[in-house]
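The file protein39.txt contains compact mmCIF, N, CA and C atoms:
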```txt
# COMPACT_ATOMS: atom_id res chain seq x y z
N MET A 18 10.05 -11.69 19.20
CA MET A 18 8.93 -12.56 19.47
C MET A 18 8.59 -13.32 18.20
N ALA A 19 8.55 -14.62 18.25
CA ALA A 19 8.21 -15.45 17.11
C ALA A 19 7.04 -16.34 17.48
N SER A 20 6.21 -16.64 16.50
CA SER A 20 5.10 -17.54 16.74
C SER A 20 5.07 -18.59 15.64
N LEU A 21 4.64 -19.78 15.98
CA LEU A 21 4.59 -20.88 15.04
C LEU A 21 3.17 -21.40 14.99
N ALA A 22 2.60 -21.45 13.80
CA ALA A 22 1.25 -21.97 13.62
C ALA A 22 1.25 -22.85 12.38
N GLY A 23 1.08 -24.12 12.56
CA GLY A 23 1.11 -25.04 11.43
C GLY A 23 2.49 -25.02 10.79
N THR A 24 2.55 -24.53 9.56
CA THR A 24 3.84 -24.44 8.88
C THR A 24 4.23 -23.00 8.60
N THR A 25 3.75 -22.08 9.42
CA THR A 25 4.08 -20.67 9.24
C THR A 25 4.78 -20.14 10.47
N ILE A 26 5.81 -19.35 10.26
CA ILE A 26 6.50 -18.69 11.36
C ILE A 26 6.39 -17.20 11.13
N SER A 27 6.01 -16.46 12.16
CA SER A 27 5.99 -15.00 12.09
C SER A 27 7.01 -14.48 13.09
N ILE A 28 7.84 -13.58 12.63
CA ILE A 28 8.86 -13.00 13.49
C ILE A 28 8.69 -11.49 13.44
N ALA A 29 8.57 -10.86 14.60
CA ALA A 29 8.38 -9.42 14.62
C ALA A 29 9.64 -8.72 15.11
N SER A 30 10.16 -7.85 14.27
CA SER A 30 11.26 -6.94 14.63
C SER A 30 12.43 -7.62 15.34
N ARG A 31 12.99 -8.62 14.72
CA ARG A 31 14.14 -9.33 15.27
C ARG A 31 15.34 -9.17 14.33
N PRO A 32 16.53 -9.31 14.85
CA PRO A 32 17.71 -9.27 13.98
C PRO A 32 17.70 -10.45 13.01
N TRP A 33 18.41 -10.28 11.89
CA TRP A 33 18.41 -11.31 10.85
C TRP A 33 18.94 -12.65 11.35
N HIS A 34 19.86 -12.64 12.32
CA HIS A 34 20.40 -13.93 12.79
C HIS A 34 19.33 -14.77 13.47
N SER A 35 18.22 -14.17 13.86
CA SER A 35 17.12 -14.93 14.46
C SER A 35 16.48 -15.87 13.46
N LEU A 36 16.67 -15.59 12.17
CA LEU A 36 16.05 -16.43 11.14
C LEU A 36 16.71 -17.80 11.02
N GLN A 37 17.85 -17.99 11.67
CA GLN A 37 18.51 -19.27 11.61
C GLN A 37 17.63 -20.38 12.15
N ALA A 38 16.71 -20.04 13.02
CA ALA A 38 15.79 -21.04 13.56
C ALA A 38 14.94 -21.65 12.46
N ALA A 39 14.72 -20.91 11.38
CA ALA A 39 13.89 -21.40 10.29
C ALA A 39 14.48 -22.64 9.63
N LYS A 40 15.79 -22.82 9.70
CA LYS A 40 16.43 -23.98 9.08
C LYS A 40 15.95 -25.28 9.71
N GLU A 41 15.46 -25.22 10.92
CA GLU A 41 15.08 -26.42 11.64
C GLU A 41 13.69 -26.93 11.28
N PHE A 42 12.95 -26.18 10.49
CA PHE A 42 11.59 -26.58 10.12
C PHE A 42 11.59 -27.00 8.67
N SER A 43 11.41 -28.29 8.41
CA SER A 43 11.45 -28.77 7.04
C SER A 43 10.20 -28.42 6.26
N SER A 44 9.10 -28.12 6.94
CA SER A 44 7.86 -27.81 6.22
C SER A 44 7.54 -26.32 6.27
N LEU A 45 8.54 -25.48 6.44
CA LEU A 45 8.35 -24.03 6.51
C LEU A 45 7.77 -23.53 5.19
N LYS A 46 6.70 -22.76 5.26
CA LYS A 46 6.06 -22.23 4.06
C LYS A 46 6.20 -20.73 3.91
N SER A 47 6.12 -19.97 5.00
CA SER A 47 6.23 -18.52 4.85
C SER A 47 6.77 -17.87 6.11
N ILE A 48 7.36 -16.71 5.91
CA ILE A 48 7.85 -15.90 7.02
C ILE A 48 7.33 -14.50 6.77
N SER A 49 6.79 -13.87 7.80
CA SER A 49 6.38 -12.48 7.63
C SER A 49 7.04 -11.63 8.70
N PHE A 50 7.37 -10.41 8.33
CA PHE A 50 8.04 -9.48 9.22
C PHE A 50 7.15 -8.27 9.44
N SER A 51 7.21 -7.72 10.65
CA SER A 51 6.51 -6.46 10.88
C SER A 51 7.28 -5.64 11.90
N SER A 52 7.07 -4.37 11.84
CA SER A 52 7.72 -3.44 12.74
C SER A 52 6.77 -2.29 12.96
N ILE A 53 6.86 -1.64 14.08
CA ILE A 53 5.98 -0.51 14.36
C ILE A 53 6.20 0.59 13.34
N ARG A 54 7.44 0.81 12.94
CA ARG A 54 7.77 1.90 12.04
C ARG A 54 7.39 1.61 10.59
N LYS A 55 7.64 0.44 10.11
CA LYS A 55 7.45 0.16 8.69
C LYS A 55 7.28 -1.34 8.50
N SER A 56 6.46 -1.73 7.57
CA SER A 56 6.31 -3.15 7.31
C SER A 56 7.32 -3.58 6.26
N PHE A 57 7.69 -4.83 6.31
CA PHE A 57 8.62 -5.40 5.37
C PHE A 57 7.81 -6.16 4.33
N PRO A 58 8.34 -6.34 3.13
CA PRO A 58 7.62 -7.14 2.14
C PRO A 58 7.54 -8.60 2.60
N ALA A 59 6.53 -9.28 2.14
CA ALA A 59 6.37 -10.69 2.49
C ALA A 59 7.46 -11.50 1.82
N ILE A 60 7.88 -12.54 2.47
CA ILE A 60 8.85 -13.46 1.89
C ILE A 60 8.21 -14.84 1.95
N ARG A 61 8.09 -15.46 0.80
CA ARG A 61 7.52 -16.80 0.74
C ARG A 61 8.64 -17.78 0.41
N LEU A 62 8.74 -18.81 1.20
CA LEU A 62 9.74 -19.84 0.96
C LEU A 62 9.04 -21.04 0.35
N GLN A 63 9.54 -21.46 -0.79
CA GLN A 63 8.91 -22.57 -1.48
C GLN A 63 9.97 -23.62 -1.80
N PRO A 64 9.68 -24.88 -1.46
CA PRO A 64 10.66 -25.91 -1.78
C PRO A 64 10.78 -26.09 -3.29
N ALA A 65 11.98 -26.19 -3.79
CA ALA A 65 12.23 -26.46 -5.20
C ALA A 65 13.12 -27.69 -5.23
N SER A 66 12.54 -28.80 -5.60
CA SER A 66 13.22 -30.09 -5.52
C SER A 66 13.64 -30.29 -4.07
N SER A 67 14.93 -30.47 -3.83
CA SER A 67 15.40 -30.64 -2.46
C SER A 67 15.97 -29.34 -1.92
N ARG A 68 15.91 -28.26 -2.71
CA ARG A 68 16.43 -26.96 -2.29
C ARG A 68 15.28 -26.08 -1.80
N LEU A 69 15.65 -24.94 -1.30
CA LEU A 69 14.69 -23.96 -0.83
C LEU A 69 14.79 -22.72 -1.70
N GLN A 70 13.68 -22.27 -2.24
CA GLN A 70 13.67 -21.11 -3.12
C GLN A 70 12.99 -19.96 -2.38
N ILE A 71 13.55 -18.77 -2.44
CA ILE A 71 12.98 -17.62 -1.76
C ILE A 71 12.39 -16.68 -2.80
N CYS A 72 11.12 -16.34 -2.64
CA CYS A 72 10.43 -15.41 -3.53
C CYS A 72 10.07 -14.17 -2.73
N CYS A 73 10.56 -13.05 -3.15
CA CYS A 73 10.30 -11.82 -2.40
C CYS A 73 9.20 -11.01 -3.08
N ALA A 74 8.42 -10.34 -2.27
CA ALA A 74 7.37 -9.47 -2.79
C ALA A 74 8.00 -8.22 -3.37
N ALA A 75 7.18 -7.48 -4.07
CA ALA A 75 7.64 -6.26 -4.73
C ALA A 75 8.23 -5.26 -3.74
N LYS A 76 9.16 -4.47 -4.23
CA LYS A 76 9.75 -3.40 -3.42
C LYS A 76 8.68 -2.38 -3.10
N SER A 77 8.86 -1.68 -2.00
CA SER A 77 7.84 -0.73 -1.55
C SER A 77 7.61 0.40 -2.55
N ASP A 78 8.66 0.86 -3.26
CA ASP A 78 8.45 1.93 -4.23
C ASP A 78 7.65 1.42 -5.43
N THR A 79 7.86 0.17 -5.82
CA THR A 79 7.06 -0.43 -6.90
C THR A 79 5.61 -0.53 -6.46
N LEU A 80 5.39 -1.01 -5.25
CA LEU A 80 4.03 -1.14 -4.73
C LEU A 80 3.34 0.21 -4.67
N GLU A 81 4.04 1.23 -4.19
CA GLU A 81 3.44 2.57 -4.10
C GLU A 81 3.05 3.11 -5.47
N LYS A 82 3.90 2.88 -6.47
CA LYS A 82 3.61 3.34 -7.83
C LYS A 82 2.40 2.60 -8.39
N VAL A 83 2.32 1.30 -8.13
CA VAL A 83 1.16 0.50 -8.58
C VAL A 83 -0.11 0.99 -7.88
N LEU A 84 -0.03 1.23 -6.57
CA LEU A 84 -1.19 1.74 -5.83
C LEU A 84 -1.68 3.06 -6.42
N LYS A 85 -0.76 3.94 -6.76
CA LYS A 85 -1.11 5.24 -7.33
C LYS A 85 -1.82 5.08 -8.68
N ILE A 86 -1.30 4.19 -9.52
CA ILE A 86 -1.90 3.95 -10.83
C ILE A 86 -3.30 3.35 -10.68
N VAL A 87 -3.46 2.41 -9.76
CA VAL A 87 -4.77 1.78 -9.52
C VAL A 87 -5.77 2.82 -9.03
N ARG A 88 -5.36 3.64 -8.05
CA ARG A 88 -6.25 4.69 -7.53
C ARG A 88 -6.70 5.62 -8.65
N LYS A 89 -5.75 6.03 -9.49
CA LYS A 89 -6.06 6.96 -10.58
C LYS A 89 -6.98 6.31 -11.61
N GLN A 90 -6.64 5.10 -12.04
CA GLN A 90 -7.41 4.42 -13.08
C GLN A 90 -8.84 4.14 -12.64
N LEU A 91 -9.02 3.77 -11.38
CA LEU A 91 -10.36 3.43 -10.89
C LEU A 91 -11.06 4.63 -10.26
N ALA A 92 -10.41 5.79 -10.28
CA ALA A 92 -10.97 7.01 -9.69
C ALA A 92 -11.48 6.74 -8.27
N VAL A 93 -10.61 6.11 -7.48
CA VAL A 93 -10.96 5.78 -6.10
C VAL A 93 -11.06 7.08 -5.31
N PRO A 94 -12.20 7.29 -4.63
CA PRO A 94 -12.38 8.53 -3.85
C PRO A 94 -11.32 8.68 -2.76
N GLU A 95 -10.94 9.94 -2.52
CA GLU A 95 -9.98 10.25 -1.45
C GLU A 95 -10.54 9.70 -0.14
N GLY A 96 -9.70 9.08 0.65
CA GLY A 96 -10.14 8.52 1.93
C GLY A 96 -10.50 7.05 1.85
N THR A 97 -10.68 6.53 0.65
CA THR A 97 -10.95 5.10 0.48
C THR A 97 -9.62 4.36 0.51
N ALA A 98 -9.54 3.37 1.37
CA ALA A 98 -8.29 2.62 1.53
C ALA A 98 -8.04 1.72 0.33
N VAL A 99 -6.87 1.85 -0.23
CA VAL A 99 -6.40 0.93 -1.26
C VAL A 99 -5.06 0.43 -0.75
N ILE A 100 -5.01 -0.86 -0.44
CA ILE A 100 -3.80 -1.46 0.11
C ILE A 100 -3.36 -2.62 -0.77
N ALA A 101 -2.22 -3.18 -0.45
CA ALA A 101 -1.66 -4.27 -1.25
C ALA A 101 -2.64 -5.44 -1.37
N GLU A 102 -3.38 -5.71 -0.32
CA GLU A 102 -4.30 -6.85 -0.31
C GLU A 102 -5.64 -6.54 -0.99
N SER A 103 -5.85 -5.30 -1.42
CA SER A 103 -7.12 -4.93 -2.07
C SER A 103 -7.28 -5.72 -3.37
N LYS A 104 -8.46 -6.31 -3.52
CA LYS A 104 -8.77 -7.01 -4.76
C LYS A 104 -9.36 -6.00 -5.74
N PHE A 105 -8.99 -6.12 -7.01
CA PHE A 105 -9.52 -5.21 -8.01
C PHE A 105 -11.05 -5.25 -8.04
N SER A 106 -11.61 -6.44 -7.90
CA SER A 106 -13.07 -6.58 -7.93
C SER A 106 -13.72 -5.83 -6.77
N GLU A 107 -13.07 -5.84 -5.60
CA GLU A 107 -13.61 -5.12 -4.43
C GLU A 107 -13.52 -3.61 -4.62
N LEU A 108 -12.61 -3.17 -5.48
CA LEU A 108 -12.46 -1.74 -5.77
C LEU A 108 -13.39 -1.29 -6.90
N GLY A 109 -14.19 -2.24 -7.41
CA GLY A 109 -15.17 -1.91 -8.45
C GLY A 109 -14.64 -2.06 -9.86
N ALA A 110 -13.51 -2.70 -10.03
CA ALA A 110 -12.92 -2.86 -11.37
C ALA A 110 -13.60 -3.99 -12.12
N ASP A 111 -13.90 -3.73 -13.38
CA ASP A 111 -14.39 -4.79 -14.25
C ASP A 111 -13.22 -5.23 -15.14
N SER A 112 -13.48 -6.12 -16.08
CA SER A 112 -12.38 -6.65 -16.90
C SER A 112 -11.72 -5.56 -17.75
N LEU A 113 -12.51 -4.60 -18.24
CA LEU A 113 -11.94 -3.50 -19.02
C LEU A 113 -11.04 -2.63 -18.15
N ASP A 114 -11.49 -2.35 -16.92
CA ASP A 114 -10.66 -1.57 -15.99
C ASP A 114 -9.33 -2.27 -15.74
N THR A 115 -9.39 -3.58 -15.56
CA THR A 115 -8.18 -4.35 -15.30
C THR A 115 -7.22 -4.27 -16.48
N VAL A 116 -7.75 -4.37 -17.69
CA VAL A 116 -6.91 -4.24 -18.89
C VAL A 116 -6.27 -2.86 -18.94
N GLU A 117 -7.04 -1.82 -18.63
CA GLU A 117 -6.52 -0.46 -18.65
C GLU A 117 -5.47 -0.24 -17.56
N ILE A 118 -5.66 -0.87 -16.41
CA ILE A 118 -4.66 -0.79 -15.34
C ILE A 118 -3.36 -1.43 -15.80
N VAL A 119 -3.46 -2.61 -16.41
CA VAL A 119 -2.26 -3.30 -16.90
C VAL A 119 -1.56 -2.45 -17.96
N MET A 120 -2.33 -1.82 -18.85
CA MET A 120 -1.74 -0.95 -19.87
C MET A 120 -1.02 0.23 -19.22
N GLY A 121 -1.62 0.80 -18.19
CA GLY A 121 -1.00 1.90 -17.46
C GLY A 121 0.29 1.47 -16.78
N LEU A 122 0.28 0.26 -16.23
CA LEU A 122 1.48 -0.27 -15.58
C LEU A 122 2.58 -0.52 -16.60
N GLU A 123 2.20 -1.07 -17.76
CA GLU A 123 3.19 -1.31 -18.82
C GLU A 123 3.86 0.00 -19.24
N GLU A 124 3.05 1.03 -19.41
CA GLU A 124 3.58 2.34 -19.82
C GLU A 124 4.47 2.95 -18.73
N ALA A 125 4.00 2.90 -17.49
CA ALA A 125 4.73 3.52 -16.38
C ALA A 125 6.06 2.83 -16.10
N PHE A 126 6.11 1.52 -16.28
CA PHE A 126 7.32 0.77 -15.94
C PHE A 126 8.15 0.37 -17.17
N GLY A 127 7.64 0.66 -18.37
CA GLY A 127 8.38 0.33 -19.58
C GLY A 127 8.55 -1.15 -19.80
N ILE A 128 7.49 -1.91 -19.50
CA ILE A 128 7.55 -3.36 -19.65
C ILE A 128 6.34 -3.83 -20.45
N SER A 129 6.33 -5.10 -20.78
CA SER A 129 5.20 -5.70 -21.48
C SER A 129 4.70 -6.88 -20.65
N VAL A 130 3.39 -6.91 -20.39
CA VAL A 130 2.78 -7.97 -19.58
C VAL A 130 2.04 -8.92 -20.51
N GLU A 131 2.39 -10.18 -20.45
CA GLU A 131 1.71 -11.20 -21.25
C GLU A 131 0.27 -11.35 -20.77
N GLU A 132 -0.63 -11.64 -21.69
CA GLU A 132 -2.05 -11.77 -21.35
C GLU A 132 -2.28 -12.84 -20.28
N GLU A 133 -1.57 -13.95 -20.41
CA GLU A 133 -1.72 -15.04 -19.44
C GLU A 133 -1.35 -14.58 -18.02
N SER A 134 -0.28 -13.81 -17.91
CA SER A 134 0.14 -13.28 -16.61
C SER A 134 -0.85 -12.26 -16.09
N ALA A 135 -1.36 -11.41 -16.98
CA ALA A 135 -2.31 -10.37 -16.58
C ALA A 135 -3.59 -10.98 -16.02
N GLN A 136 -4.00 -12.12 -16.55
CA GLN A 136 -5.23 -12.76 -16.09
C GLN A 136 -5.10 -13.34 -14.68
N LYS A 137 -3.89 -13.52 -14.21
CA LYS A 137 -3.66 -14.06 -12.87
C LYS A 137 -3.67 -12.98 -11.79
N ILE A 138 -3.73 -11.72 -12.19
CA ILE A 138 -3.70 -10.61 -11.24
C ILE A 138 -5.07 -10.47 -10.58
N ILE A 139 -5.09 -10.60 -9.26
CA ILE A 139 -6.33 -10.47 -8.50
C ILE A 139 -6.24 -9.29 -7.54
N THR A 140 -5.08 -9.14 -6.92
CA THR A 140 -4.90 -8.07 -5.93
C THR A 140 -3.86 -7.06 -6.42
N VAL A 141 -3.81 -5.93 -5.74
CA VAL A 141 -2.79 -4.93 -6.04
C VAL A 141 -1.40 -5.54 -5.83
N GLN A 142 -1.24 -6.35 -4.78
CA GLN A 142 0.05 -6.99 -4.52
C GLN A 142 0.44 -7.92 -5.66
N ASP A 143 -0.53 -8.66 -6.21
CA ASP A 143 -0.24 -9.53 -7.36
C ASP A 143 0.34 -8.71 -8.51
N ALA A 144 -0.28 -7.56 -8.77
CA ALA A 144 0.19 -6.68 -9.85
C ALA A 144 1.60 -6.18 -9.56
N ALA A 145 1.83 -5.73 -8.33
CA ALA A 145 3.14 -5.20 -7.96
C ALA A 145 4.22 -6.28 -8.05
N ASP A 146 3.90 -7.49 -7.60
CA ASP A 146 4.86 -8.60 -7.67
C ASP A 146 5.21 -8.93 -9.12
N LEU A 147 4.20 -8.97 -9.98
CA LEU A 147 4.43 -9.26 -11.39
C LEU A 147 5.29 -8.16 -12.03
N ILE A 148 4.96 -6.91 -11.75
CA ILE A 148 5.73 -5.79 -12.29
C ILE A 148 7.18 -5.88 -11.83
N GLN A 149 7.38 -6.12 -10.54
CA GLN A 149 8.74 -6.22 -10.00
C GLN A 149 9.52 -7.33 -10.71
N GLU A 150 8.88 -8.46 -10.90
CA GLU A 150 9.52 -9.59 -11.58
C GLU A 150 9.91 -9.22 -13.01
N LEU A 151 9.00 -8.56 -13.74
CA LEU A 151 9.27 -8.18 -15.12
C LEU A 151 10.34 -7.11 -15.23
N VAL A 152 10.32 -6.15 -14.32
CA VAL A 152 11.34 -5.09 -14.32
C VAL A 152 12.72 -5.69 -14.04
N GLU A 153 12.80 -6.60 -13.08
CA GLU A 153 14.08 -7.24 -12.76
C GLU A 153 14.57 -8.10 -13.92
N ALA A 154 13.65 -8.81 -14.59
CA ALA A 154 14.03 -9.64 -15.73
C ALA A 154 14.53 -8.77 -16.89
N LYS A 155 13.91 -7.61 -17.05
CA LYS A 155 14.30 -6.69 -18.12
C LYS A 155 15.70 -6.13 -17.89
N SER A 156 16.06 -5.91 -16.63
CA SER A 156 17.36 -5.31 -16.32
C SER A 156 18.51 -6.31 -16.36
N CYS A 157 18.18 -7.60 -16.46
CA CYS A 157 19.25 -8.63 -16.51
C CYS A 157 19.81 -8.80 -17.89
```
Please go through the file and, once you have read it, give me the structure as structure tokens.
Amino acid sequence: MASLAGTTISIASRPWHSLQAAKEFSSLKSISFSSIRKSFPAIRLQPASSRLQICCAAKSDTLEKVLKIVRKQLAVPEGTAVIAESKFSELGADSLDTVEIVMGLEEAFGISVEEESAQKIITVQDAADLIQELVEAKSC
């Protein structure tokens, strides 16, 4: 089942060959996948010049590790939902908490986060995406 709204296509639990339909939309902006068993990371398609660039969200294990660090750093009570879309501000984090979270992430993943990049982190997903990008860049 696929749905089209504006410039977004959502496809639920379809084989990969179903994505060929996406080639026909020149203004395609994003594709999201979902399944009853497990959700897939978001995939954002962004035009780069006349080409199409694919940006993938963080791997699920990276996201889970980031979620664990955020829960621990902010002492989030058991039973309080912390998800990828959770904003640090909604979880009660102030600027010092955010700095400490970034430091914890740097230590846990063995990377260094530039201050400019750290200031762009608003949600847990933003943090996980940045970490994934830095880890992949480090391994190249």
>> Report, in Å to a single decimal, how far apart atom CA of A:Leu108 and atom N of A:Met120 are.
In response: 16.5 Å
>> Need to verify the contact set: A:Val83, 8 Å, all atoms listed in the file, exclusion of same-chain residues closer than 4 positions in sequence. Can you return it as a PyMOL selection string?
In response: chain A and resi 77-79+87-89+122+141+144-145
Can you write out the residues you just picked, keeping N, CA and C atoms, as a compact mmCIF listing (two decimals), keeping the file's coordinate frame?
```txt
# COMPACT_ATOMS: atom_id res chain seq x y z
N SER A 77 8.86 -1.68 -2.00
CA SER A 77 7.84 -0.73 -1.55
C SER A 77 7.61 0.40 -2.55
N ASP A 78 8.66 0.86 -3.26
CA ASP A 78 8.45 1.93 -4.23
C ASP A 78 7.65 1.42 -5.43
N THR A 79 7.86 0.17 -5.82
CA THR A 79 7.06 -0.43 -6.90
C THR A 79 5.61 -0.53 -6.46
N VAL A 87 -3.46 2.41 -9.76
CA VAL A 87 -4.77 1.78 -9.52
C VAL A 87 -5.77 2.82 -9.03
N ARG A 88 -5.36 3.64 -8.05
CA ARG A 88 -6.25 4.69 -7.53
C ARG A 88 -6.70 5.62 -8.65
N LYS A 89 -5.75 6.03 -9.49
CA LYS A 89 -6.06 6.96 -10.58
C LYS A 89 -6.98 6.31 -11.61
N LEU A 122 0.28 0.26 -16.23
CA LEU A 122 1.48 -0.27 -15.58
C LEU A 122 2.58 -0.52 -16.60
N VAL A 141 -3.81 -5.93 -5.74
CA VAL A 141 -2.79 -4.93 -6.04
C VAL A 141 -1.40 -5.54 -5.83
N ALA A 144 -0.28 -7.56 -8.77
CA ALA A 144 0.19 -6.68 -9.85
C ALA A 144 1.60 -6.18 -9.56
N ALA A 145 1.83 -5.73 -8.33
CA ALA A 145 3.14 -5.20 -7.96
C ALA A 145 4.22 -6.28 -8.05
```
> Which is closer to A:Leu151 than all the others in A:Glu81, A:Ile100, A:Gln90, A:Ser129, using all atoms listed in the file?
Replying inline: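 Checking each candidate against A:Leu151, we get A:Ser129 as the closest.
You can rank A:Val152, A:Val93, A:Ala135, A:Ala98 by their closest distance to A:Ala110 using only C-alpha atoms, and at the top of that list sits A:Val93.
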> Suppose you want the space between atom N of A:Glu132 and atom C of A:Thr97; what is it in Å?
Replying inline: 28.8 Å
> For the atom pair atom CA of A:Glu124 and atom CA of A:Glu95, what is the interatomic distance in Å to one decimal place?
Replying inline: 24.2 Å
> Which residue gives the smallest distance to A:Asp146 among A:Ala101, A:Thr115, A:Ile128, A:Ile86, with only C-alpha atoms counted?
Replying inline: A:Ala101
